[in-house]
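Heads up, the thing below is written out as structure tokens.
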Amino acid sequence: MNIVTTRRICQGFFFVLFLWFCAVTTLGGQWWQLRGWPVNWIIQLDPLVGLATLLSTRTVYAGLLWGLVTIVLTIILGRFFCGWICPFGSIHQFVGFLAKRKRSIPEKIKLNRYHSGQSIKYWILIFLLTVSALELAIDLIRLPETHRLLFGILVFAILIWMILKAVRQTGSNPKKMGFVFLIFIALWLLLSTLFNGYQTSAASLQVGLLDPIPLVYRSINLVILSLVDRTSVSISTIPRAYDGTWLIAAIFLSAVLLNLTVPRFYCRFICPTGAMFGILSRLAIWRMGKTKNECVDCHLCEKNCEGACSPTSQIRINECILCMNCLNECRHNLMTYQIAPSASGEILAPDLSRRQFLASAVSGAAAIPMLRVSGHLGGNWDPALVRPPGALPEKAFLSRCIKCGQCMRICPTNVIHPAGLQGGLEGLWTPVLNFRLGTSGCQLNCIACGNLCPTAAIRPISIDERLGRNRYAEQGPIKIGTAFVDRGRCLPWAMDRPCIVCQENCPVSPKAIRTREVFNTIDTGSKLIVAKADALYIEFQGTDPGMNQFATGDYYAVVLSSTDHRPRRIVSNWERGLRVADGLPFESPPLPGNRIEIQIRLQKPYVDPKHCIGCGVCEHECPVPGKRAIRVTADNESRTPEHALLLKR
């Protein structure tokens, strides 16, 4: 079988497998729904996720050890993952093939020539790994308190000397002076972090923003499958909707449609995982190359070169994705896959200068302190950021979450959504709870998200731990937040309208939402004067067309000019009178001329923070449209003791 055909079959198999894993990441009773399928396996094969998690947390989640298999195979075979397995790469290759299939051979050759911009992905890789490794690096070199001041003065003096020297060398060149100024700012922030540290120096796992595997999982799970769920071939039990997915869709479509201009644009210029494989592939035992240096320079081997690795001349091993197209295209049988180096020479190292490396590393080191200068991990935290049950404390959570969207896809009630900027730029697309969407709140007997998270940013928990039962009885149930009643929007509090929906739907026991009974006088539009009455019936002087609305069971009649002011429930009424319930008749019927007041019985809700776990069922069921009258915030969440509302006794 032709090697290119074999590669296409392999790509097709892994792409279908990836789609299958996305489809079955759905709770349900069907055979094709989640039943032990290894839906995270392709994520686990991504070594960049494992490496970045190792740097940011100093531990490796067991499943991510699969990345070692990919690394070993890359060292043996070369950059095979990009050309044979990666589902995002398969999409790019297919779209690029459609875009260029009718172009002439010279046009194809021109499109597939190496471009210096392909080094950008190495800048991105260095930036992202530096962000992940910042805390580890600082802990390794941080000095004891007694030596910091003296050493800081020395370093500052050296830094100023270096800046002055650099300015003298750059002369009046504004471009170079601007670059020096930016380096100075970045180094200053880095040194400030080094000596003062605390939350700003905490690691942040940001590889998920551009790593192709989390990116394609996020895009398919939250955008493509959400569209499929609205068709007749719906996969989920309910149509899915996710807040803020327009940006995810825009990035995904942009990355795919750029292939219409440049084949494999994302793979060549942006992909940080491809950059990592490019660095590893310089160690590859097997590699593409020429058997002889006798080439007529027809450049046909570049006609369909997916990596733009210049196979005609000195092949760039770090850019070769083993598409094997050059083997088919070479009419002189010079191209081969071999252990020996290419006869025409090889370029192993990426096209990256020391200045570019330094700029990327320093930028990555300065990025997180700059993003956290607002203090969102401290006192300026956003209470609207409600994380799923089992989520680690925010600092640890941000060092583990890869923004893959798996927890959002598996959530049976569709309340886990990608975050916007409420948690800062570094929290973009991390999971948050939005109780307005979906079918209900966060169900008490559901622990799906934590048991599916590939990096344990949401740790796996048991039902007993979630509910605070058995061995967890002393610590109590896991609280993800607390509900608060907005009295300015609540129907009983603000509008004298009966409503106990939140209290009725509160699922915890004892209920966290209770009510206080009050009776408020309503304006009927006219005075109600008794004409005649008995123990149950009252007839008024004149008629009142509005009197036919008080038989709902929430309205009560009160006699003002009487010693008995107890409210009596109205069971029926008509334009000239009303009838009260049999349970409390008038012992002394109202006299003619007495005035009757209509009162409404209201049950005003309030929340007991001791029992509320923040499940959000009340917010979801609240009948007030738009901004709900009861809303859950992260206050009192179990994962962060500093957010507690109640003092411990």
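Following the order of the structure tokens, chains are lettered A, B, ..., residues in each are numbered from 1, and ligands are numbered from 1.
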| task | Do a neighbour search on range 289-299 of chain A at 6 Å with only C-alpha atoms, toss out local chain neighbours closer than 4 positions, and write the hits as a PyMOL selection string. | result | chain A and resi 312+334-336+342-344
| said: Report as JSON, numbers by chain all protein, DNA and RNA residues lying within 10 Å of range 11-17 of chain A, evaluated on only C-alpha atoms, omitting residues in the same chain fewer than 6 positions from it. | reply: {"A": [5, 23, 39, 42, 81, 82, 83, 84, 85, 86, 87, 88, 89, 90, 91, 93]}
Could you write those residues out with N, CA and C atoms, as a tab-separated table (two decimals), in the first residue's frame?
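Final output, saved to again13.tsv:
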```
chain	number	residue	atom	x	y	z
A	5	THR	N	-1.20	6.86	1.23
A	5	THR	CA	-2.53	6.29	1.50
A	5	THR	C	-2.61	5.77	2.93
A	23	ALA	N	-18.40	12.75	20.93
A	23	ALA	CA	-19.83	12.41	20.92
A	23	ALA	C	-20.23	11.63	22.16
A	39	VAL	N	-12.20	8.88	26.83
A	39	VAL	CA	-12.45	10.08	26.04
A	39	VAL	C	-11.33	11.11	26.15
A	42	ILE	N	-6.67	11.18	23.74
A	42	ILE	CA	-5.92	12.01	22.79
A	42	ILE	C	-5.32	13.22	23.52
A	81	PHE	N	3.31	12.81	15.11
A	81	PHE	CA	2.02	13.15	15.72
A	81	PHE	C	1.27	14.17	14.87
A	82	CYS	N	1.98	15.18	14.38
A	82	CYS	CA	1.35	16.25	13.61
A	82	CYS	C	0.78	15.75	12.29
A	83	GLY	N	1.50	14.86	11.63
A	83	GLY	CA	1.09	14.42	10.30
A	83	GLY	C	0.21	13.19	10.28
A	84	TRP	N	0.17	12.43	11.39
A	84	TRP	CA	-0.53	11.15	11.36
A	84	TRP	C	-1.67	11.05	12.38
A	85	ILE	N	-1.63	11.81	13.47
A	85	ILE	CA	-2.58	11.61	14.57
A	85	ILE	C	-3.42	12.85	14.86
A	86	CYS	N	-2.80	14.02	14.95
A	86	CYS	CA	-3.47	15.23	15.44
A	86	CYS	C	-4.77	15.52	14.66
A	87	PRO	N	-5.93	15.52	15.34
A	87	PRO	CA	-7.20	15.79	14.63
A	87	PRO	C	-7.28	17.21	14.09
A	88	PHE	N	-6.69	18.15	14.80
A	88	PHE	CA	-6.71	19.53	14.30
A	88	PHE	C	-5.85	19.64	13.05
A	89	GLY	N	-4.72	18.95	13.05
A	89	GLY	CA	-3.87	18.94	11.87
A	89	GLY	C	-4.56	18.31	10.67
A	90	SER	N	-5.36	17.28	10.92
A	90	SER	CA	-6.10	16.63	9.82
A	90	SER	C	-7.10	17.59	9.20
A	91	ILE	N	-7.76	18.39	10.05
A	91	ILE	CA	-8.70	19.39	9.52
A	91	ILE	C	-7.97	20.39	8.64
A	93	GLN	N	-5.12	20.02	7.08
A	93	GLN	CA	-4.61	19.41	5.86
A	93	GLN	C	-5.72	19.21	4.84
```
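Proximity ranking of A:Ser254, A:Ser56, A:Ser234, A:Ser572 relative to Asp554 in chain A places A:Ser572 first, based on only C-alpha atoms.
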| message | From the options A:Ala99, A:Cys502, A:Val24, A:Val207, which residue's atoms come nearest to Leu260 in chain A, counting only C-alpha atoms? | response | A:Ala99
| task | Name the residues in contact with Leu227 in chain A at a cut-off of 9 Å, using only C-alpha atoms, excluding same-chain residues fewer than 4 positions from it; report them as JSON, numbers by chain. | result | {"A": [222, 223, 231, 234, 239, 240, 241]}
Residue subset to file, keeping C-alpha atoms, as a CSV table (one decimal), in the first residue's frame:
```
chain,number,residue,atom,x,y,z
A,222,LEU,CA,-18.9,23.7,22.7
A,223,VAL,CA,-19.6,24.9,19.1
A,231,THR,CA,-30.8,19.0,14.5
A,234,SER,CA,-29.1,15.3,18.4
A,239,PRO,CA,-30.0,20.9,23.1
A,240,ARG,CA,-26.8,22.4,24.4
A,241,ALA,CA,-26.0,26.2,24.7
```
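The protein and nucleic acid residues lying at most 9 Å from Ala359 in chain A are Trp123, Phe127, Ile183, Arg354, Arg355, Gln356, Val362, Ser363 and Gly364 of chain A, with only C-alpha atoms considered and sequence neighbours fewer than 3 positions away removed.
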| request: Can you pull out every residue within 9 Å of range 110-116 of chain A, counting only C-alpha atoms, but drop anything in the same chain fewer than 3 positions away, and send it as number ranges by chain? | output: A: 105-107, 119-120, 261-263, 268-269, 302-310, 316, 319, 351
Just-selected residues, N, CA and C atoms written as a PDB file, in the first residue's frame:
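That gives us again-v2.pdb:
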```pdb
ATOM      1  N   ILE A 105       1.155  23.909 -10.509  1.00  0.00           N
ATOM      2  CA  ILE A 105       2.292  23.375  -9.753  1.00  0.00           C
ATOM      3  C   ILE A 105       3.199  24.490  -9.237  1.00  0.00           C
ATOM      4  N   PRO A 106       3.560  25.505 -10.047  1.00  0.00           N
ATOM      5  CA  PRO A 106       4.396  26.594  -9.501  1.00  0.00           C
ATOM      6  C   PRO A 106       3.737  27.309  -8.316  1.00  0.00           C
ATOM      7  N   GLU A 107       2.420  27.475  -8.381  1.00  0.00           N
ATOM      8  CA  GLU A 107       1.726  28.126  -7.267  1.00  0.00           C
ATOM      9  C   GLU A 107       1.795  27.274  -6.008  1.00  0.00           C
ATOM     10  N   SER A 119       8.998  30.519  12.697  1.00  0.00           N
ATOM     11  CA  SER A 119       9.652  30.513  14.016  1.00  0.00           C
ATOM     12  C   SER A 119       8.753  31.099  15.102  1.00  0.00           C
ATOM     13  N   ILE A 120       7.634  31.722  14.708  1.00  0.00           N
ATOM     14  CA  ILE A 120       6.740  32.340  15.702  1.00  0.00           C
ATOM     15  C   ILE A 120       6.217  31.300  16.681  1.00  0.00           C
ATOM     16  N   THR A 261      -5.593  30.317   2.394  1.00  0.00           N
ATOM     17  CA  THR A 261      -4.530  31.205   1.926  1.00  0.00           C
ATOM     18  C   THR A 261      -3.169  30.522   1.970  1.00  0.00           C
ATOM     19  N   VAL A 262      -2.858  29.939   3.135  1.00  0.00           N
ATOM     20  CA  VAL A 262      -1.584  29.236   3.325  1.00  0.00           C
ATOM     21  C   VAL A 262      -1.891  27.859   3.897  1.00  0.00           C
ATOM     22  N   PRO A 263      -1.490  26.771   3.227  1.00  0.00           N
ATOM     23  CA  PRO A 263      -1.758  25.429   3.757  1.00  0.00           C
ATOM     24  C   PRO A 263      -1.151  25.252   5.146  1.00  0.00           C
ATOM     25  N   ARG A 268       2.077  25.642  10.897  1.00  0.00           N
ATOM     26  CA  ARG A 268       3.386  26.202  10.540  1.00  0.00           C
ATOM     27  C   ARG A 268       3.778  27.404  11.396  1.00  0.00           C
ATOM     28  N   PHE A 269       2.798  28.239  11.746  1.00  0.00           N
ATOM     29  CA  PHE A 269       3.140  29.522  12.344  1.00  0.00           C
ATOM     30  C   PHE A 269       2.765  29.661  13.824  1.00  0.00           C
ATOM     31  N   GLU A 302       8.312  19.754  -3.204  1.00  0.00           N
ATOM     32  CA  GLU A 302       7.718  20.815  -2.391  1.00  0.00           C
ATOM     33  C   GLU A 302       6.278  21.121  -2.798  1.00  0.00           C
ATOM     34  N   LYS A 303       5.801  20.429  -3.845  1.00  0.00           N
ATOM     35  CA  LYS A 303       4.471  20.742  -4.364  1.00  0.00           C
ATOM     36  C   LYS A 303       3.387  20.536  -3.311  1.00  0.00           C
ATOM     37  N   ASN A 304       3.512  19.453  -2.541  1.00  0.00           N
ATOM     38  CA  ASN A 304       2.512  19.147  -1.517  1.00  0.00           C
ATOM     39  C   ASN A 304       3.142  18.991  -0.133  1.00  0.00           C
ATOM     40  N   CYS A 305       4.263  19.640   0.077  1.00  0.00           N
ATOM     41  CA  CYS A 305       4.953  19.549   1.369  1.00  0.00           C
ATOM     42  C   CYS A 305       4.131  20.259   2.448  1.00  0.00           C
ATOM     43  N   GLU A 306       3.582  19.505   3.403  1.00  0.00           N
ATOM     44  CA  GLU A 306       2.683  20.074   4.409  1.00  0.00           C
ATOM     45  C   GLU A 306       3.411  20.905   5.458  1.00  0.00           C
ATOM     46  N   GLY A 307       4.664  20.581   5.705  1.00  0.00           N
ATOM     47  CA  GLY A 307       5.395  21.305   6.744  1.00  0.00           C
ATOM     48  C   GLY A 307       6.218  22.470   6.246  1.00  0.00           C
ATOM     49  N   ALA A 308       6.299  22.652   4.923  1.00  0.00           N
ATOM     50  CA  ALA A 308       7.158  23.683   4.325  1.00  0.00           C
ATOM     51  C   ALA A 308       8.576  23.556   4.880  1.00  0.00           C
ATOM     52  N   CYS A 309       9.135  22.357   4.741  1.00  0.00           N
ATOM     53  CA  CYS A 309      10.431  22.064   5.366  1.00  0.00           C
ATOM     54  C   CYS A 309      11.587  22.074   4.370  1.00  0.00           C
ATOM     55  N   SER A 310      11.364  22.565   3.164  1.00  0.00           N
ATOM     56  CA  SER A 310      12.418  22.712   2.139  1.00  0.00           C
ATOM     57  C   SER A 310      13.132  21.396   1.835  1.00  0.00           C
ATOM     58  N   ARG A 316      14.658  20.982   6.585  1.00  0.00           N
ATOM     59  CA  ARG A 316      14.476  21.444   7.971  1.00  0.00           C
ATOM     60  C   ARG A 316      13.743  20.341   8.732  1.00  0.00           C
ATOM     61  N   GLU A 319      10.749  21.088  10.950  1.00  0.00           N
ATOM     62  CA  GLU A 319       9.486  21.474  10.326  1.00  0.00           C
ATOM     63  C   GLU A 319       8.803  20.313   9.602  1.00  0.00           C
ATOM     64  N   ASP A 351      14.710  28.294  13.564  1.00  0.00           N
ATOM     65  CA  ASP A 351      15.217  29.611  13.170  1.00  0.00           C
ATOM     66  C   ASP A 351      14.840  30.629  14.247  1.00  0.00           C
TER      67      ASP A 351
END
```
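By chain and then residue number, the residues within 10 Å of Gly420 in chain A are A:Asp243, A:Gly244, A:Thr245, A:Leu247, A:Leu385, A:Glu426, A:Gly427, A:Leu428, A:Trp429, A:Thr430, A:Pro431, A:Val432, counting only C-alpha atoms and disregarding those fewer than 6 positions away in sequence.
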Restrict the selected residues to C-alpha atoms and save them as an mmCIF file, in the first residue's frame.
```
data_model
loop_
_atom_site.group_PDB
_atom_site.id
_atom_site.type_symbol
_atom_site.label_atom_id
_atom_site.label_comp_id
_atom_site.auth_asym_id
_atom_site.auth_seq_id
_atom_site.Cartn_x
_atom_site.Cartn_y
_atom_site.Cartn_z
ATOM 1 C CA ASP A 243 -22.293 31.317 27.003
ATOM 2 C CA GLY A 244 -19.622 33.324 25.177
ATOM 3 C CA THR A 245 -18.723 30.724 22.556
ATOM 4 C CA LEU A 247 -14.886 33.927 20.502
ATOM 5 C CA LEU A 385 -16.948 33.239 39.468
ATOM 6 C CA GLU A 426 -5.768 34.036 32.486
ATOM 7 C CA GLY A 427 -9.150 32.549 33.458
ATOM 8 C CA LEU A 428 -10.531 32.826 29.923
ATOM 9 C CA TRP A 429 -12.525 29.683 28.912
ATOM 10 C CA THR A 430 -12.055 28.001 32.281
ATOM 11 C CA PRO A 431 -15.263 26.373 33.621
ATOM 12 C CA VAL A 432 -17.761 28.475 35.567
#
```
| said: I need the alpha helix (DSSP H) residues of range 271-440 of chain A per DSSP on the backbone, written as a count of residues only. | reply: 43
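Distances here use only C-alpha atoms; by that measure, the residue among A:Tyr217, A:Trp20, A:Tyr122, A:Phe97 closest to Lys403 in chain A is A:Tyr217.
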Which residues are near Leu125 in chain A? Cut-off 12 Å, only C-alpha atoms, ignore same chain within fewer than 5 positions. Put them as an mmCIF file with N, CA and C atoms, in the first residue's frame.
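Wrote it out as selection-v8.cif, contents follow:
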```
data_model
loop_
_atom_site.group_PDB
_atom_site.id
_atom_site.type_symbol
_atom_site.label_atom_id
_atom_site.label_comp_id
_atom_site.auth_asym_id
_atom_site.auth_seq_id
_atom_site.Cartn_x
_atom_site.Cartn_y
_atom_site.Cartn_z
ATOM 1 N N LEU A 48 2.759 18.286 25.548
ATOM 2 C CA LEU A 48 2.840 19.666 26.016
ATOM 3 C C LEU A 48 1.947 19.874 27.235
ATOM 4 N N VAL A 49 0.786 19.234 27.252
ATOM 5 C CA VAL A 49 -0.095 19.314 28.421
ATOM 6 C C VAL A 49 0.600 18.733 29.642
ATOM 7 N N LEU A 51 3.902 18.282 30.148
ATOM 8 C CA LEU A 51 5.070 19.063 30.522
ATOM 9 C C LEU A 51 4.676 20.354 31.232
ATOM 10 N N ALA A 52 3.715 21.067 30.669
ATOM 11 C CA ALA A 52 3.292 22.325 31.273
ATOM 12 C C ALA A 52 2.671 22.096 32.649
ATOM 13 N N SER A 119 8.998 30.519 12.697
ATOM 14 C CA SER A 119 9.652 30.513 14.016
ATOM 15 C C SER A 119 8.753 31.099 15.102
ATOM 16 N N ILE A 120 7.634 31.722 14.708
ATOM 17 C CA ILE A 120 6.740 32.340 15.702
ATOM 18 C C ILE A 120 6.217 31.300 16.681
ATOM 19 N N THR A 130 7.275 29.336 29.945
ATOM 20 C CA THR A 130 7.786 30.247 30.975
ATOM 21 C C THR A 130 6.676 30.634 31.935
ATOM 22 N N VAL A 131 5.490 30.874 31.414
ATOM 23 C CA VAL A 131 4.344 31.173 32.276
ATOM 24 C C VAL A 131 4.095 30.024 33.237
ATOM 25 N N SER A 132 4.192 28.792 32.742
ATOM 26 C CA SER A 132 3.954 27.621 33.586
ATOM 27 C C SER A 132 5.061 27.413 34.608
ATOM 28 N N GLN A 206 -1.412 28.104 30.796
ATOM 29 C CA GLN A 206 -2.082 28.777 29.686
ATOM 30 C C GLN A 206 -1.881 28.077 28.347
ATOM 31 N N VAL A 207 -1.301 26.873 28.365
ATOM 32 C CA VAL A 207 -1.061 26.181 27.094
ATOM 33 C C VAL A 207 -2.374 25.860 26.387
ATOM 34 N N GLY A 208 -3.462 25.716 27.157
ATOM 35 C CA GLY A 208 -4.741 25.367 26.553
ATOM 36 C C GLY A 208 -5.290 26.413 25.608
ATOM 37 N N LEU A 209 -4.789 27.638 25.690
ATOM 38 C CA LEU A 209 -5.262 28.680 24.786
ATOM 39 C C LEU A 209 -4.951 28.346 23.335
ATOM 40 N N LEU A 210 -3.741 27.826 23.084
ATOM 41 C CA LEU A 210 -3.297 27.608 21.702
ATOM 42 C C LEU A 210 -2.855 26.183 21.416
ATOM 43 N N ASP A 211 -2.727 25.348 22.437
ATOM 44 C CA ASP A 211 -2.409 23.943 22.202
ATOM 45 C C ASP A 211 -3.509 23.351 21.324
ATOM 46 N N PHE A 269 2.798 28.239 11.746
ATOM 47 C CA PHE A 269 3.140 29.522 12.344
ATOM 48 C C PHE A 269 2.765 29.661 13.824
ATOM 49 N N ILE A 270 1.793 28.906 14.315
ATOM 50 C CA ILE A 270 1.258 29.179 15.653
ATOM 51 C C ILE A 270 1.396 28.023 16.619
ATOM 52 N N CYS A 271 1.222 26.805 16.184
ATOM 53 C CA CYS A 271 1.052 25.648 17.060
ATOM 54 C C CYS A 271 2.227 25.441 18.019
ATOM 55 N N PRO A 272 2.031 25.616 19.331
ATOM 56 C CA PRO A 272 3.128 25.403 20.284
ATOM 57 C C PRO A 272 3.489 23.928 20.441
ATOM 58 N N THR A 273 2.501 23.043 20.281
ATOM 59 C CA THR A 273 2.803 21.612 20.369
ATOM 60 C C THR A 273 3.674 21.190 19.192
ATOM 61 N N GLY A 274 3.387 21.732 18.005
ATOM 62 C CA GLY A 274 4.239 21.465 16.851
ATOM 63 C C GLY A 274 5.658 21.959 17.070
ATOM 64 N N ALA A 275 5.789 23.103 17.755
ATOM 65 C CA ALA A 275 7.125 23.618 18.072
ATOM 66 C C ALA A 275 7.867 22.673 19.005
ATOM 67 N N MET A 276 7.146 22.118 19.974
ATOM 68 C CA MET A 276 7.775 21.160 20.889
ATOM 69 C C MET A 276 8.223 19.910 20.140
ATOM 70 N N PHE A 277 7.370 19.410 19.246
ATOM 71 C CA PHE A 277 7.765 18.252 18.442
ATOM 72 C C PHE A 277 8.925 18.601 17.515
ATOM 73 N N GLY A 278 8.959 19.857 17.040
ATOM 74 C CA GLY A 278 10.066 20.283 16.193
ATOM 75 C C GLY A 278 11.391 20.230 16.927
ATOM 76 N N ILE A 279 11.379 20.618 18.210
ATOM 77 C CA ILE A 279 12.604 20.560 19.015
ATOM 78 C C ILE A 279 13.010 19.111 19.264
ATOM 79 N N LEU A 352 15.595 30.590 15.352
ATOM 80 C CA LEU A 352 15.268 31.407 16.519
ATOM 81 C C LEU A 352 16.550 32.026 17.074
ATOM 82 N N GLN A 356 15.303 36.740 20.283
ATOM 83 C CA GLN A 356 13.906 36.303 20.245
ATOM 84 C C GLN A 356 13.590 35.364 21.401
ATOM 85 N N PHE A 357 14.527 34.471 21.701
ATOM 86 C CA PHE A 357 14.334 33.561 22.836
ATOM 87 C C PHE A 357 14.209 34.348 24.136
ATOM 88 N N SER A 360 10.863 36.248 24.357
ATOM 89 C CA SER A 360 9.737 35.356 24.649
ATOM 90 C C SER A 360 9.747 34.917 26.100
ATOM 91 N N ALA A 361 10.937 34.553 26.601
ATOM 92 C CA ALA A 361 11.033 34.069 27.976
ATOM 93 C C ALA A 361 10.711 35.174 28.978
ATOM 94 N N SER A 363 8.990 37.905 28.432
ATOM 95 C CA SER A 363 7.572 38.265 28.305
ATOM 96 C C SER A 363 6.689 37.285 29.065
ATOM 97 N N GLY A 364 7.005 35.999 28.943
ATOM 98 C CA GLY A 364 6.234 34.997 29.676
ATOM 99 C C GLY A 364 6.380 35.151 31.174
#
```
Mind listing the strand (DSSP E) residues of range 491-594 of chain A, per DSSP on the backbone, as a short mmCIF file (atom, residue, chain, number, x, y, z; two decimals) with N, CA and C atoms, in the first residue's frame?
```cif
data_model
loop_
_atom_site.label_atom_id
_atom_site.label_comp_id
_atom_site.auth_asym_id
_atom_site.auth_seq_id
_atom_site.Cartn_x
_atom_site.Cartn_y
_atom_site.Cartn_z
N ILE A 513 -33.46 27.61 52.03
CA ILE A 513 -34.31 28.79 51.78
C ILE A 513 -35.57 28.63 52.61
N ARG A 514 -35.82 29.58 53.47
CA ARG A 514 -37.01 29.57 54.31
C ARG A 514 -37.80 30.85 54.04
N THR A 515 -38.97 30.92 54.60
CA THR A 515 -39.82 32.09 54.34
C THR A 515 -40.33 32.68 55.65
N ARG A 516 -40.60 33.97 55.60
CA ARG A 516 -41.26 34.68 56.71
C ARG A 516 -42.61 35.18 56.20
N GLU A 517 -43.65 34.86 56.94
CA GLU A 517 -45.00 35.23 56.52
C GLU A 517 -45.35 36.65 56.95
N VAL A 518 -45.84 37.44 55.99
CA VAL A 518 -46.29 38.80 56.28
C VAL A 518 -47.60 39.04 55.52
N PHE A 519 -48.41 39.99 56.03
CA PHE A 519 -49.65 40.37 55.37
C PHE A 519 -49.55 41.84 54.99
N ASN A 520 -49.66 42.13 53.73
CA ASN A 520 -49.60 43.51 53.24
C ASN A 520 -50.95 43.92 52.67
N THR A 521 -51.37 45.14 53.04
CA THR A 521 -52.63 45.67 52.53
C THR A 521 -52.46 46.10 51.08
N LEU A 528 -64.16 49.46 50.59
CA LEU A 528 -65.09 48.34 50.69
C LEU A 528 -65.88 48.48 51.99
N ILE A 529 -67.14 48.88 51.88
CA ILE A 529 -68.01 49.11 53.04
C ILE A 529 -69.05 47.99 53.11
N VAL A 530 -69.21 47.42 54.31
CA VAL A 530 -70.12 46.30 54.50
C VAL A 530 -71.56 46.77 54.37
N ALA A 531 -72.36 46.04 53.58
CA ALA A 531 -73.81 46.27 53.50
C ALA A 531 -74.52 45.30 54.43
N LYS A 532 -74.15 44.01 54.33
CA LYS A 532 -74.66 43.01 55.25
C LYS A 532 -73.66 41.86 55.29
N ALA A 533 -73.69 41.05 56.33
CA ALA A 533 -72.71 39.98 56.50
C ALA A 533 -73.25 38.93 57.44
N TYR A 537 -70.09 35.12 54.84
CA TYR A 537 -70.30 35.97 53.67
C TYR A 537 -70.31 37.45 54.06
N ILE A 538 -69.76 38.26 53.15
CA ILE A 538 -69.83 39.71 53.30
C ILE A 538 -70.30 40.28 51.97
N GLU A 539 -71.31 41.17 52.05
CA GLU A 539 -71.79 41.86 50.85
C GLU A 539 -71.52 43.34 51.02
N PHE A 540 -71.01 43.98 49.95
CA PHE A 540 -70.58 45.37 50.03
C PHE A 540 -71.63 46.31 49.47
N TYR A 555 -55.23 35.82 49.23
CA TYR A 555 -55.82 37.07 49.70
C TYR A 555 -56.69 36.83 50.93
N TYR A 556 -56.71 37.83 51.83
CA TYR A 556 -57.40 37.72 53.12
C TYR A 556 -58.22 38.99 53.35
N ALA A 557 -59.32 38.80 54.07
CA ALA A 557 -60.18 39.93 54.44
C ALA A 557 -59.96 40.27 55.91
N VAL A 558 -59.85 41.58 56.22
CA VAL A 558 -59.66 42.05 57.59
C VAL A 558 -60.71 43.12 57.86
N VAL A 559 -61.42 42.97 58.96
CA VAL A 559 -62.41 43.97 59.37
C VAL A 559 -61.70 45.01 60.22
N ARG A 568 -58.75 36.63 57.40
CA ARG A 568 -59.50 35.44 57.02
C ARG A 568 -59.35 35.22 55.51
N ARG A 569 -58.97 33.99 55.18
CA ARG A 569 -58.66 33.68 53.78
C ARG A 569 -59.92 33.74 52.91
N ILE A 570 -59.82 34.41 51.78
CA ILE A 570 -60.92 34.53 50.83
C ILE A 570 -60.91 33.31 49.92
N VAL A 571 -62.06 32.59 49.88
CA VAL A 571 -62.13 31.40 49.03
C VAL A 571 -62.93 31.65 47.76
N SER A 572 -63.76 32.66 47.77
CA SER A 572 -64.47 33.04 46.55
C SER A 572 -64.92 34.48 46.68
N ASN A 573 -65.14 35.12 45.55
CA ASN A 573 -65.60 36.50 45.59
C ASN A 573 -66.29 36.84 44.27
N TRP A 574 -67.07 37.85 44.31
CA TRP A 574 -67.77 38.34 43.12
C TRP A 574 -67.81 39.86 43.20
N GLY A 577 -69.27 41.08 46.68
CA GLY A 577 -68.99 40.47 47.97
C GLY A 577 -67.95 39.39 47.90
N LEU A 578 -67.80 38.69 49.06
CA LEU A 578 -66.80 37.64 49.14
C LEU A 578 -67.23 36.61 50.18
N ARG A 579 -66.55 35.48 50.15
CA ARG A 579 -66.76 34.43 51.14
C ARG A 579 -65.42 34.03 51.70
N VAL A 580 -65.35 33.85 53.03
CA VAL A 580 -64.12 33.45 53.69
C VAL A 580 -64.15 31.95 53.96
#
```
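Closest to Gln541 in chain A among A:Ile248, A:Ile596, A:Leu257, A:Leu27 is A:Ile596, based on only C-alpha atoms.
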| task | Point out the residue among A:Ala483, A:Ile285, A:Leu300, A:Cys401 with the least atom-to-atom distance to Ala340 in chain A, counting only C-alpha atoms. | result | A:Ile285
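The coordinates place CA of Gly50 in chain A at 28.3 Å from CA of Met324 in chain A.
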| For Trp381 in chain A, the nearest of the candidates A:Met408, A:Leu258, A:Ala634, A:Ala457, counting only C-alpha atoms | A:Ala634
